[in-house]
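> Got a structure for you, written out below as structure tokens; questions coming shortly.
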Amino acid sequence: MGIHCELIFGLLPFSSRTQGFGSRRQGCKSTSMGWSPMLPGTALGREMLENGSQAVPGPGGRAPAEAIQHLSVLPSCLPSARAPTEPSVSPNFCLVAWLVLDIMKETPSEGGMDYRVPGAVSNGEMVPAHPSMEKEDDQTLERGQWNNKLEYVLSVAGEIIGLGNVWRFPYLCYKNGGGAFFIPYLIFLFTCGIPVFFLETALGQYTSQGGVTAWRRICPLFEGIGYASQVIVVLLNFYYIIVLAWALFYLFSSFTIDLPWGSCNHEWNTGNCMELQKANSTFNVTSENATSPVIEFWERRVLKISDGIQHLGSLRWELALCLLLAWIICYFCIWKGVKSTGKVVYFTATFPYLMLVVLLIRGVSLPGAAQGILFYLYPDLSRLGDPQVWMDAGTQIFFSYAICLGCLTALGSYNKYHNNCYRSSSLCFLPKGNFCLWHGWDCVALCFLNSGTSFVAGFAIFSILGFMAGEQGVPIAEVAESGPGLAFIAYPRAVVMLPFSPLWACCFFLMVVLLGLDSQFVCVESLVTALVDMYPTIFRKKNRRETLILLVSVLSYLVGLVMLTEGGMYVFQLFDYYAASGMCLLFVAIFETLCIAWVYGAERFYDNIEDMIGYRPWPIIKYCWLFITPAVCMATFLFSLIKYTPLTYNKKYVYPWWGDTLGWLLALSSMVCIPLWIVYKLSTIKGSLREDGFYTAFITSWRTQGFFTH
């Protein structure tokens with residue numbers, strides 16, 4: 001009986017093991033062997049109910065002494081701090097909650113055993129994971145929390161609002177029917193983006209754990225979800241910061257009177273280079289082979305790009321130094337955890353908006369801007385019949401909202417338990433420069449802020465593209481690009497046309513650096529948080545966390561050097577196309593929603609959220625978790641497999657077969673974590689699934705949804 005009890009608690013979702021704390025709906029029964037929680041719908045629970053006594057001690061009573069032996073079935077992750085300090089507050093509390101709390105209130109006598117739950121908080125005091133070592137090593141550091149809600153809001157905003165808002169969304173909008181693209185985009189936003197965004201944030205706050213241990217505590221069988229997300233984050237840390245190295249190179253190149261990409265009088269320029277605008281004079285270009293100095297600076301000066309991935313060539317040492325600087329800045333932004341991160345985001349999350357507004361004003365004032373904006377927004381409803389449009393909308397939501405990466409879970413884990421993650425605080429400005437906290441920002445508002453930023457960035461981009469197309473006398477479709485080429489070709493072109501262009505170039509590329517920087521260091525923070533929470537006794541010591549961040553930074557820097565060779569751009573695109581692709585994120589999202597909604601229980605998770613914030617969120621989110629989100633993600637995932645096309649660079653270079661194979665290995669490295677972990681977990685548990693409680697765990701969860709009545 002005792003073995004079966006341990007097995008059931010090892011497989012059941014976290015809340016099933018702690019019903020007295022989460023939903024407060026389960027009762028307890030007494031057996032001849034001692035006091036144990038009764039799990040409804042399990043054979044063990046029925047047996048205990050039939051053979052057990054109905055006697056339940058009162059608030060001042062004591063449980064039998066032999067009950068202590070059954071504390072071994074309780075997981076070490078019981079959130080004791082989230083239960084009331086007195087069991088008599090509610091008669092519906094499970095007896096095991098009363099027992100644990102009653103024992104925790106007592107200080108163990110000298111030489112006695114401490115039965116308090118390791119890692120929990122009792123009366124404001126952290127219970128060490130290894131109590132016997134408390135006197136030997138008292139330098140275990142606290143996990144830390146945000147100083148205020150604004151730091152959390154700005155950190156989330158900095159993470160989800162990044163370079164993808166500038167260089168991906170506007171292009172997808174133009175490509176997929178202009179204004180008509182907003183129809184599938186908004187559908188995916190409300191059915192996938194907001195529900196999963198809120199799920200991950202609430203999960204982190206409820207468990208106070210990072211991206212791996214949060215899933216371990218919710219349901220150990222699906223811990224692979226956490227590993228999958230962290231593999232994606234590791235790969236993302238390798239290549240995303242490369243964009244910052246390019247931006248820093250442009251930034252340093254801007255400290256001159258004449259911008260180097262503004263003319264053709266440089267050693268890297270070819271005979272086909274032609275200046276399209278100079279000193280407010282324009283002229284038509286008749287040569288079909290003509291190139292602009294902006295493109296030649298990007299391809300021949302910055303990248304020195306080779307003719308294929310098979311020719312990596314030499315390392316670009318100038319870019320290597322820029323990458324080193326980027327990692328140094330990233331390191332010092334997070335080396336003290338949320339204490340330093342919370343301060344940095346005040347600047348990194350707000351300054352890019354100032355520069356975006358400036359460039360928007362300049363862009364819409366250029367000749368030809370109206371044609372570009374019309375091209376950007378003109379609705380082509382016939383495009384809605386193309387499934388590719390819907391897939392692009394779905395993948396863009398996952399790209400721009402940083403979901404399925406564990407970042408939102410990590411950021412939410414530093415919130416206070418009763419913080420209203422459904423409706424957080426934001427900053428508003430009062431007259432005379434005063435500040436106030438306005439309780440009007442919630443997860444929906446943050447999502448709309450992200451989408452609104454993408455929408456406004458489209459005006460800034462296509463106003464400039466309209467001007468460029470007018471200068472060259474070509475359709476806008478020929479100058480519209482997506483990805484790094486847009487940020488390092490279209491925007492620099494706009495900066496050249498501004499008065500005091502070096503000044504504006506510095507401001508613009510500083511904006512690009514800051515847009516990518518907060519997304520980068522939050523991803524690193526997410527990875528470090530996951531590692532520290534997995535091994536708290538090792539890393540939650542003085543200077544250990546800083547050392548871990550340093551090791552992660554050095555390793556990521558060394559791997560990133562491969563992408564700074566002459567053929568590194570091809571490697572960069574492999575990572576961008578496969579490693580953190582929409583396919584991987586969709587796969588993780590499917591299992592996240594299935595785990596929460598069907599294994600752990602959507603109704604149960606709503607009980608947990610209600611315990612945190614004091615009320616139940618809008619019911620439609622729960623039904624999205626149950627039905628809509630997994631169905632939409634599954635359909636989009638399958639369609640992306642069916643419509644898969646091999647990667648190309650610049651629509652001309654086709655990758656060799658081994659390049660595509662390497663890309664698929666990058667994609668599978670994260671996706672296989674989930675099924676492999678499930679197989680590993682089941683193979684290491686003795687007995688059948690029905691005997692070990694896995695079957696009853698599902699039945700219990702489904703009963704809470706109302707699918708089974710008996």
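Residue numbering restarts at 1 in every chain; chains get A, B, ... in the order shown in the structure tokens, and ligands count up from 1 in that same order.
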Report as a PyMOL selection string all protein, DNA and RNA residues lying within 12 Å of A:Val196, evaluated on only C-alpha atoms, omitting residues in the same chain fewer than 3 positions from it.
chain A and resi 188-193+199-203+397-398+401-406+408-409+443-444+447+585-586+588-594+596-597+621-626+628-630+633
> As a PyMOL selection string, please: every residue in stretch 515-666 of chain A that DSSP puts in strand (DSSP E or B).
chain A and resi 565+648-649+653-654
> Go through A:Phe521, A:Phe181, A:Tyr152, A:Phe605 one by one, measure the shortest atom-to-atom distance of each to A:Asp392 using only C-alpha atoms, and give the residue with the smallest value.
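Of all the options, A:Phe181 lies closest to A:Asp392.
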> Quick one: residues within 12 Å of A:Trp658, only C-alpha atoms, excluding same-chain residues fewer than 4 positions away - as a VMD selection string?
chain A and resid 309 to 310 574 646 to 647 654 662 to 665
> Return the single residue from A:Tyr606, A:Trp327, A:Trp146, A:Tyr240 that is closest to A:Gly342, with distances computed using only C-alpha atoms.
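Using only C-alpha atoms, the shortest distance to A:Gly342 belongs to A:Trp146.
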> Return the single residue from A:Ala228, A:Ala490, A:Ile549, A:Ile609 that is closest to A:Cys421, with distances computed using only C-alpha atoms.
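Under the stated criterion, the closest residue is A:Ile609.
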> Extract the full set of alpha helix (DSSP H) residues from stretch 561-633 of chain A according to DSSP on the backbone, and format it as number ranges by chain.
A: 568-574, 582-594, 602-613, 619-623, 629-633
> Looking at A:Ala602, A:Ala631, A:Met468, A:Ala369, which one is nearest to A:Pro617, with distances taken over only C-alpha atoms?
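Closest residue, counting only C-alpha atoms: A:Ala602.
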> With only C-alpha atoms as the basis for distance, which of A:Ile242, A:Ser292, A:Tyr331, A:Ala477 is at the shortest distance from A:Asn265?
A:Ser292
> If you measure from atom CA of A:Cys673 to atom CA of A:Trp215, what distance in Å do you get, rounded to one decimal?
13.2 Å
> Identify, on the basis of only C-alpha atoms, every residue whose closest approach to A:Ala667 does not exceed 12 Å; exclude the query and any residue fewer than 3 positions from it along the same chain; express the result as an NGL selection string.
:A and (228-229 or 231-232 or 235-236 or 574-588 or 660-664 or 670-673)
> Would you pick out the contacts of A:Cys506 at 7 Å or less, using only C-alpha atoms, so that residues sharing its chain but fewer than 4 positions from it are not included, and give the list as a CSV table (one decimal) with N, CA and C atoms, in the first residue's frame?

```csv
chain,number,residue,atom,x,y,z
A,251,LEU,N,26.6,50.7,-35.7
A,251,LEU,CA,26.7,51.9,-34.8
A,251,LEU,C,28.0,52.5,-34.7
A,254,SER,N,28.9,54.5,-37.7
A,254,SER,CA,28.2,55.8,-37.8
A,254,SER,C,28.9,57.0,-37.3
A,502,PRO,N,24.6,61.2,-39.5
A,502,PRO,CA,25.3,60.3,-38.6
A,502,PRO,C,24.7,60.3,-37.2
A,510,LEU,N,21.3,52.3,-32.1
A,510,LEU,CA,21.2,52.1,-30.7
A,510,LEU,C,19.8,51.5,-30.4
```
> What is the atom CA of A:Leu531-atom CA of A:Gly210 distance in Å, reported with one decimal?
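Computed distance, atom CA of A:Leu531 to atom CA of A:Gly210, equals 8.0 Å.
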> Given the choices A:Val166, A:Met563, A:Val599, A:Val632, which gets closest to A:Ile305 if the distance is worked out from only C-alpha atoms?
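Result for the nearest residue to A:Ile305: A:Met563.
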> Return as CSV the residues of stretch 162-187 of chain A lying at most 7 Å from stretch 448-458 of chain A, together with the closest atom-to-atom pair for each and the distance in Å to one decimal, counting only C-alpha atoms, with rows in chain order and ascending residue number.

```
residue,atom,partner,partner_atom,distance
A:Asn165,CA,A:Ser454,CA,4.5
A:Val166,CA,A:Ala457,CA,5.6
A:Phe169,CA,A:Ser454,CA,6.1
A:Pro170,CA,A:Gly458,CA,4.6
```
